[in-house]
Amino acid sequence: MSIPQSGGGPIERHEQLAEYLESGCKPKQDWRIGTEHEKFGYCKDTLKPLPFEGERSILAVLQGLRDLHGWAPVEEAGKLIGLEKDGANVSLEPGGQLELSGAPLETIHETCDEVNAHLRDVKDIADKIGVGFIGLGAAPIWTHEEMPLMPKGRYRLMNDYMEKVGTMGRSMMRRTCTVQVNIDFGSEADMVQKLRVALALQPVATALFANSPFFEGKPNGQKSWRSYIWRHLDDARTGMLPFVFEDGFGFEAWVEYALDVPMYFVYRDGKYIDALGQSFRDFLQGKLPALPGETPTLSDWADHLTTAFPEARIKKFMEMRGADGGPWRRLCALPAFWVGLTYDQGALDAAWDLVKGWDAETREELRVAAARDGLQAQVGDINMHDLAGEVVSIAQAGLKSRAFPGAGGLVPDETHFLNALKDSIETGKVPADELLDHYNGDWNGDLTRIYPDFSY
């Protein structure tokens, strides 16, 4: 989850809220790719999750990356809770999931190199202390009680609030992992088209990247339990956002949506002040109960924007949020999928043509079916396997049109990063299907086999 924002002056006009979003618009030559992925750490001998502190712990991994691989420390209340280097940062999700938030890079070749270097460095530290890391959408065996809560003020507040607004918020915090990609937009109109395509096709990403068929030691009936969890978290801040598809949608409409998302906190002087369930609209008027008489800064607005969790969202850039964490090849495939669809105008137009006739009910039904059935999902006359094939073909054409070479020019474009997805379309099986095949086959129902067989 996001780190506290900084550098924003006072909000003196309502228009500043939309202007903040609009300030993210960039010319196409400046568009970049930011890839984020989370992973679970565990002790190799016990297969239990890592505590925050101790000889084999999240803290030990962070310290190793700091001391041996040149990362600068990020602290909160005197505790090491993150790292920074070269425009990227390593942070902790609430249950200790280790997240790389990659630097904004020009090509998928570069972002994949970044992921590879990060996983190599993490493995170097992990091997030294008897720790492993695995990429899955949800913790396959561990219970809520086994998962530690990281010492971050934001997480303590969220932990107390989650059970009041939904049924699975704490499961999301401690027992899920995702891979995301952040993309840029060039104008308000470009943002609108990209966000509509992003929301409509997020179920395709959910199906292709589904990788969480187990929970608390047994199959859960879903290909993406992580996606199922998000549907039962907090209706006020999650979902498919039908208003995005209404006439007149733009930055101001997003502002109005975000203002109606209940607050979590205000960050002041290194501390998170409890503003749970309070209104940013009241904050703008100096009537926030948590800080009576005080009005927000643009940093507060930036922080608040990070507390809305729909399937795709905008800040000064756009985040694609529908995919499970997973194996290495899919960490590079997700940016390839979305960059191919959105960074070439021909591909973006083709993607929009594919989805523009869908209504809100169809988009929501696809979201539900994708999590449950993966590529076998069927909604009306829409077959997910066929749809995914069309979408990946559009993404491939977009990447081919971009023609960003790699390997010193030996690789002509970025299309090969889609190979993992093309394999799934050819076989009809996504990672969740492969895991279930093992569970019902050579693992003989022994889910502990997932750790040696599928760790990084």
# chains A, B, ... in the order shown; residues from 1 in each chain; ligands from 1
call {"tool": "residues_around", "arguments": {"residues": "region 326-329 of chain A", "least_positions_apart": "3", "cutoff": "9 Å", "atoms": "only C-alpha atoms", "output": "list of chain:residue names"}}
result
A:His37, A:Glu38, A:Lys39, A:Val115, A:Asn116, A:Leu119, A:Ile134, A:Gly135, A:Leu136, A:Gly137, A:Cys177, A:Thr178, A:Val179, A:Phe209, A:Ala210, A:Asn211, A:Ala323, A:Cys332, A:Ala333, A:Phe417, A:Leu418, A:Asn419, A:Ala420, A:Pro431, A:Phe454, A:Ser455, A:Tyr456
call {"tool": "write_last_selection", "arguments": {"atoms": "N, CA and C atoms", "output": "short mmCIF file (atom, residue, chain, number, x, y, z; two decimals), in the first residue's frame"}}
result
data_model
loop_
_atom_site.label_atom_id
_atom_site.label_comp_id
_atom_site.auth_asym_id
_atom_site.auth_seq_id
_atom_site.Cartn_x
_atom_site.Cartn_y
_atom_site.Cartn_z
N HIS A 37 4.66 -5.53 -7.39
CA HIS A 37 4.22 -6.89 -7.06
C HIS A 37 4.53 -7.21 -5.61
N GLU A 38 3.66 -8.05 -5.06
CA GLU A 38 3.75 -8.47 -3.66
C GLU A 38 4.00 -9.97 -3.59
N LYS A 39 4.62 -10.41 -2.50
CA LYS A 39 4.92 -11.83 -2.33
C LYS A 39 4.94 -12.17 -0.84
N VAL A 115 12.40 -6.25 -12.08
CA VAL A 115 11.78 -7.33 -11.30
C VAL A 115 12.78 -8.45 -11.07
N ASN A 116 13.49 -8.82 -12.12
CA ASN A 116 14.45 -9.92 -12.02
C ASN A 116 15.56 -9.61 -11.03
N LEU A 119 14.10 -9.79 -7.42
CA LEU A 119 13.90 -11.15 -6.93
C LEU A 119 15.23 -11.84 -6.65
N ILE A 134 7.09 -16.70 -2.02
CA ILE A 134 6.22 -17.34 -3.00
C ILE A 134 5.21 -16.33 -3.53
N GLY A 135 4.92 -16.42 -4.83
CA GLY A 135 3.97 -15.51 -5.46
C GLY A 135 2.64 -16.20 -5.68
N LEU A 136 1.65 -15.82 -4.90
CA LEU A 136 0.28 -16.35 -4.98
C LEU A 136 -0.69 -15.21 -4.74
N GLY A 137 -1.94 -15.39 -5.13
CA GLY A 137 -2.93 -14.35 -4.89
C GLY A 137 -3.44 -14.33 -3.47
N CYS A 177 -2.07 -11.12 -2.10
CA CYS A 177 -0.98 -10.47 -2.85
C CYS A 177 -1.44 -10.21 -4.28
N THR A 178 -0.93 -9.14 -4.84
CA THR A 178 -1.31 -8.76 -6.20
C THR A 178 -0.08 -8.38 -7.00
N VAL A 179 -0.27 -8.29 -8.30
CA VAL A 179 0.68 -7.62 -9.19
C VAL A 179 -0.11 -6.54 -9.91
N PHE A 209 -4.77 -14.14 -14.73
CA PHE A 209 -3.78 -14.16 -13.66
C PHE A 209 -4.28 -14.87 -12.40
N ALA A 210 -5.46 -15.50 -12.48
CA ALA A 210 -6.04 -16.16 -11.31
C ALA A 210 -5.06 -17.18 -10.73
N ASN A 211 -4.78 -17.04 -9.43
CA ASN A 211 -3.71 -17.83 -8.82
C ASN A 211 -3.93 -17.98 -7.31
N ALA A 323 -5.31 -8.22 -10.81
CA ALA A 323 -4.57 -9.47 -11.00
C ALA A 323 -4.01 -10.03 -9.70
N CYS A 332 5.99 -10.02 -15.44
CA CYS A 332 6.33 -9.24 -16.64
C CYS A 332 5.17 -9.21 -17.63
N ALA A 333 4.30 -10.22 -17.57
CA ALA A 333 3.18 -10.29 -18.50
C ALA A 333 2.12 -9.24 -18.21
N PHE A 417 6.76 -10.89 -23.97
CA PHE A 417 6.34 -10.87 -22.57
C PHE A 417 4.90 -11.35 -22.40
N LEU A 418 4.17 -11.47 -23.50
CA LEU A 418 2.80 -12.00 -23.44
C LEU A 418 2.77 -13.52 -23.56
N ASN A 419 3.92 -14.17 -23.72
CA ASN A 419 3.92 -15.61 -24.00
C ASN A 419 3.23 -16.42 -22.91
N ALA A 420 3.39 -16.03 -21.67
CA ALA A 420 2.73 -16.78 -20.58
C ALA A 420 1.22 -16.75 -20.74
N PRO A 431 -2.83 -20.17 -13.89
CA PRO A 431 -2.09 -20.74 -12.76
C PRO A 431 -2.96 -21.48 -11.74
N PHE A 454 6.59 -24.01 -5.96
CA PHE A 454 6.19 -22.77 -6.61
C PHE A 454 6.81 -21.51 -6.02
N SER A 455 7.79 -21.63 -5.16
CA SER A 455 8.46 -20.45 -4.63
C SER A 455 9.43 -19.87 -5.66
N TYR A 456 9.79 -18.61 -5.45
CA TYR A 456 10.74 -17.97 -6.38
C TYR A 456 12.11 -18.59 -6.24
#
call {"tool": "residues_around", "arguments": {"residues": "Pro10 (chain A)", "least_positions_apart": "3", "cutoff": "9 Å", "atoms": "only C-alpha atoms", "output": "PyMOL selection string"}}
result
chain A and resi 295-299
call {"tool": "write_last_selection", "arguments": {"atoms": "C-alpha atoms", "output": "mmCIF file, in the first residue's frame"}}
result
data_model
loop_
_atom_site.group_PDB
_atom_site.id
_atom_site.type_symbol
_atom_site.label_atom_id
_atom_site.label_comp_id
_atom_site.auth_asym_id
_atom_site.auth_seq_id
_atom_site.Cartn_x
_atom_site.Cartn_y
_atom_site.Cartn_z
ATOM 1 C CA THR A 295 -8.177 22.300 6.501
ATOM 2 C CA PRO A 296 -6.343 19.821 4.219
ATOM 3 C CA THR A 297 -3.268 20.140 2.074
ATOM 4 C CA LEU A 298 -2.770 18.582 -1.347
ATOM 5 C CA SER A 299 -0.693 15.920 0.414
#
call {"tool": "select_by_dssp", "arguments": {"residues": "region 186-423 of chain A", "states": "alpha helix (DSSP H)", "output": "short mmCIF file (atom, residue, chain, number, x, y, z; two decimals) with C-alpha atoms, in the first residue's frame"}}
result
data_model
loop_
_atom_site.label_atom_id
_atom_site.label_comp_id
_atom_site.auth_asym_id
_atom_site.auth_seq_id
_atom_site.Cartn_x
_atom_site.Cartn_y
_atom_site.Cartn_z
CA GLU A 188 -8.56 14.07 -19.74
CA ALA A 189 -10.09 12.41 -22.81
CA ASP A 190 -7.24 9.88 -22.91
CA MET A 191 -7.71 9.16 -19.21
CA VAL A 192 -11.43 8.57 -19.74
CA GLN A 193 -10.94 6.11 -22.58
CA LYS A 194 -8.17 4.26 -20.76
CA LEU A 195 -10.09 4.02 -17.48
CA ARG A 196 -13.21 2.71 -19.21
CA VAL A 197 -11.17 0.05 -21.01
CA ALA A 198 -9.29 -0.72 -17.78
CA LEU A 199 -12.45 -1.28 -15.75
CA ALA A 200 -14.28 -3.22 -18.45
CA LEU A 201 -11.35 -5.57 -19.12
CA GLN A 202 -10.13 -5.96 -15.55
CA PRO A 203 -12.08 -9.27 -15.33
CA VAL A 204 -9.98 -10.60 -18.22
CA ALA A 205 -6.84 -9.83 -16.21
CA THR A 206 -8.43 -11.46 -13.16
CA ALA A 207 -9.12 -14.62 -15.19
CA LEU A 208 -5.70 -14.80 -16.89
CA TRP A 225 -9.95 -15.97 -3.99
CA ARG A 226 -8.16 -12.63 -3.83
CA SER A 227 -10.73 -11.15 -6.21
CA TYR A 228 -13.55 -12.72 -4.18
CA ILE A 229 -12.15 -11.11 -1.03
CA TRP A 230 -12.12 -7.66 -2.66
CA ARG A 231 -15.82 -7.98 -3.46
CA PHE A 251 -11.47 14.42 -13.50
CA GLU A 252 -14.18 16.35 -11.65
CA ALA A 253 -16.45 13.30 -11.53
CA TRP A 254 -13.59 11.31 -10.01
CA VAL A 255 -13.13 14.04 -7.43
CA GLU A 256 -16.80 13.79 -6.42
CA TYR A 257 -16.48 10.01 -6.12
CA ALA A 258 -13.32 10.23 -4.02
CA LEU A 259 -14.86 12.85 -1.74
CA PHE A 280 -13.08 14.72 3.33
CA ARG A 281 -15.85 17.17 2.41
CA ASP A 282 -16.00 18.17 6.08
CA PHE A 283 -12.20 18.41 6.13
CA LEU A 284 -12.35 20.94 3.27
CA LEU A 298 -2.77 18.58 -1.35
CA SER A 299 -0.69 15.92 0.41
CA ASP A 300 -3.78 15.00 2.44
CA TRP A 301 -5.75 14.75 -0.78
CA ALA A 302 -3.06 12.56 -2.34
CA ASP A 303 -3.14 10.31 0.73
CA HIS A 304 -6.92 10.09 0.62
CA LEU A 305 -6.88 9.06 -3.04
CA TRP A 328 7.91 -14.60 -12.43
CA ARG A 329 6.68 -14.80 -16.03
CA ARG A 330 3.37 -13.22 -15.10
CA LEU A 331 5.05 -10.36 -13.24
CA CYS A 332 6.33 -9.24 -16.64
CA ALA A 333 3.18 -10.29 -18.50
CA LEU A 334 0.88 -7.91 -16.64
CA PRO A 335 2.61 -4.69 -17.77
CA ALA A 336 2.84 -6.17 -21.27
CA PHE A 337 -0.91 -6.85 -21.25
CA TRP A 338 -1.95 -3.35 -20.19
CA VAL A 339 0.73 -1.37 -22.01
CA GLY A 340 -0.13 -3.22 -25.19
CA LEU A 341 -3.80 -2.32 -24.75
CA THR A 342 -3.38 1.33 -23.76
CA GLN A 345 -4.05 4.34 -29.94
CA GLY A 346 -5.07 1.70 -32.47
CA ALA A 347 -5.05 -0.99 -29.78
CA LEU A 348 -6.88 1.24 -27.30
CA ASP A 349 -9.59 1.98 -29.86
CA ALA A 350 -9.92 -1.72 -30.67
CA ALA A 351 -10.23 -2.58 -26.98
CA TRP A 352 -12.89 0.08 -26.51
CA ASP A 353 -14.82 -1.19 -29.52
CA LEU A 354 -14.81 -4.62 -27.88
CA VAL A 355 -16.39 -3.44 -24.61
CA ALA A 360 -22.88 -2.23 -15.87
CA GLU A 361 -24.57 -5.53 -15.09
CA THR A 362 -22.50 -7.36 -17.70
CA ARG A 363 -19.25 -5.86 -16.40
CA GLU A 364 -20.09 -6.88 -12.83
CA GLU A 365 -21.14 -10.38 -13.87
CA LEU A 366 -17.83 -10.78 -15.71
CA ARG A 367 -15.98 -9.70 -12.58
CA VAL A 368 -17.73 -12.35 -10.48
CA ALA A 369 -17.44 -15.11 -13.09
CA ALA A 370 -13.76 -14.43 -13.76
CA ALA A 371 -12.88 -14.92 -10.10
CA ARG A 372 -14.91 -18.11 -9.84
CA ASP A 373 -14.24 -19.79 -13.18
CA MET A 384 -14.06 -15.61 -21.27
CA HIS A 385 -11.64 -17.89 -23.09
CA ASP A 386 -12.58 -16.39 -26.45
CA LEU A 387 -12.62 -12.86 -25.04
CA ALA A 388 -9.19 -13.29 -23.47
CA GLY A 389 -7.83 -14.50 -26.79
CA GLU A 390 -9.14 -11.40 -28.55
CA VAL A 391 -7.81 -9.08 -25.88
CA VAL A 392 -4.32 -10.61 -25.82
CA SER A 393 -4.23 -10.35 -29.62
CA ILE A 394 -5.05 -6.65 -29.36
CA ALA A 395 -2.33 -6.20 -26.72
CA GLN A 396 0.16 -8.01 -28.96
CA ALA A 397 -0.67 -5.73 -31.85
CA GLY A 398 -0.24 -2.71 -29.58
CA LEU A 399 3.19 -3.86 -28.42
CA LYS A 400 4.24 -4.64 -31.98
CA SER A 401 3.18 -1.15 -33.03
CA ARG A 402 5.14 0.37 -30.13
CA ASN A 419 3.92 -15.61 -24.00
CA ALA A 420 2.73 -16.78 -20.58
CA LEU A 421 -0.75 -15.49 -21.35
CA LYS A 422 -0.73 -17.00 -24.85
CA ASP A 423 0.18 -20.36 -23.27
#
call {"tool": "closest_residue", "arguments": {"among": "A:Ala403, A:Ile450, A:Leu105, A:Lys223", "to": "Asp344 (chain A)", "atoms": "only C-alpha atoms"}}
result
A:Ala403
call {"tool": "closest_atom_pairs", "arguments": {"of": "region 60-94 of chain A", "to": "region 163-173 of chain A", "cutoff": "12 Å", "atoms": "only C-alpha atoms", "output": "Markdown table"}}
result
| residue | atom | partner | partner_atom | distance |
| --- | --- | --- | --- | --- |
| A:Leu92 | CA | A:Met173 | CA | 10.7 |
| A:Glu93 | CA | A:Met173 | CA | 7.0 |
| A:Pro94 | CA | A:Met173 | CA | 5.3 |
call {"tool": "closest_residue", "arguments": {"among": "A:Tyr439, A:Val244, A:Lys85, A:Lys271", "to": "Pro310 (chain A)", "atoms": "only C-alpha atoms"}}
result
A:Val244
call {"tool": "residues_around", "arguments": {"residues": "region 81-84 of chain A", "least_positions_apart": "5", "cutoff": "9 Å", "atoms": "only C-alpha atoms", "output": "number ranges by chain"}}
result
A: 59, 62, 65-66, 71-76, 89-92, 150-152
call {"tool": "atom_distance", "arguments": {"atom1": "CA of Gln278 (chain A)", "atom2": "CA of Asn159 (chain A)"}}
result
16.2 Å
call {"tool": "residues_around", "arguments": {"residues": "Tyr272 (chain A)", "least_positions_apart": "6", "cutoff": "10 Å", "atoms": "only C-alpha atoms", "output": "list of chain:residue names"}}
result
A:Pro4, A:Lys152, A:Gly153, A:Arg154, A:Tyr155, A:Arg156, A:Leu157, A:Tyr264, A:Phe265, A:Val266
call {"tool": "closest_residue", "arguments": {"among": "A:Glu114, A:Glu246, A:Glu22, A:Glu55", "to": "Lys128 (chain A)", "atoms": "only C-alpha atoms"}}
result
A:Glu55
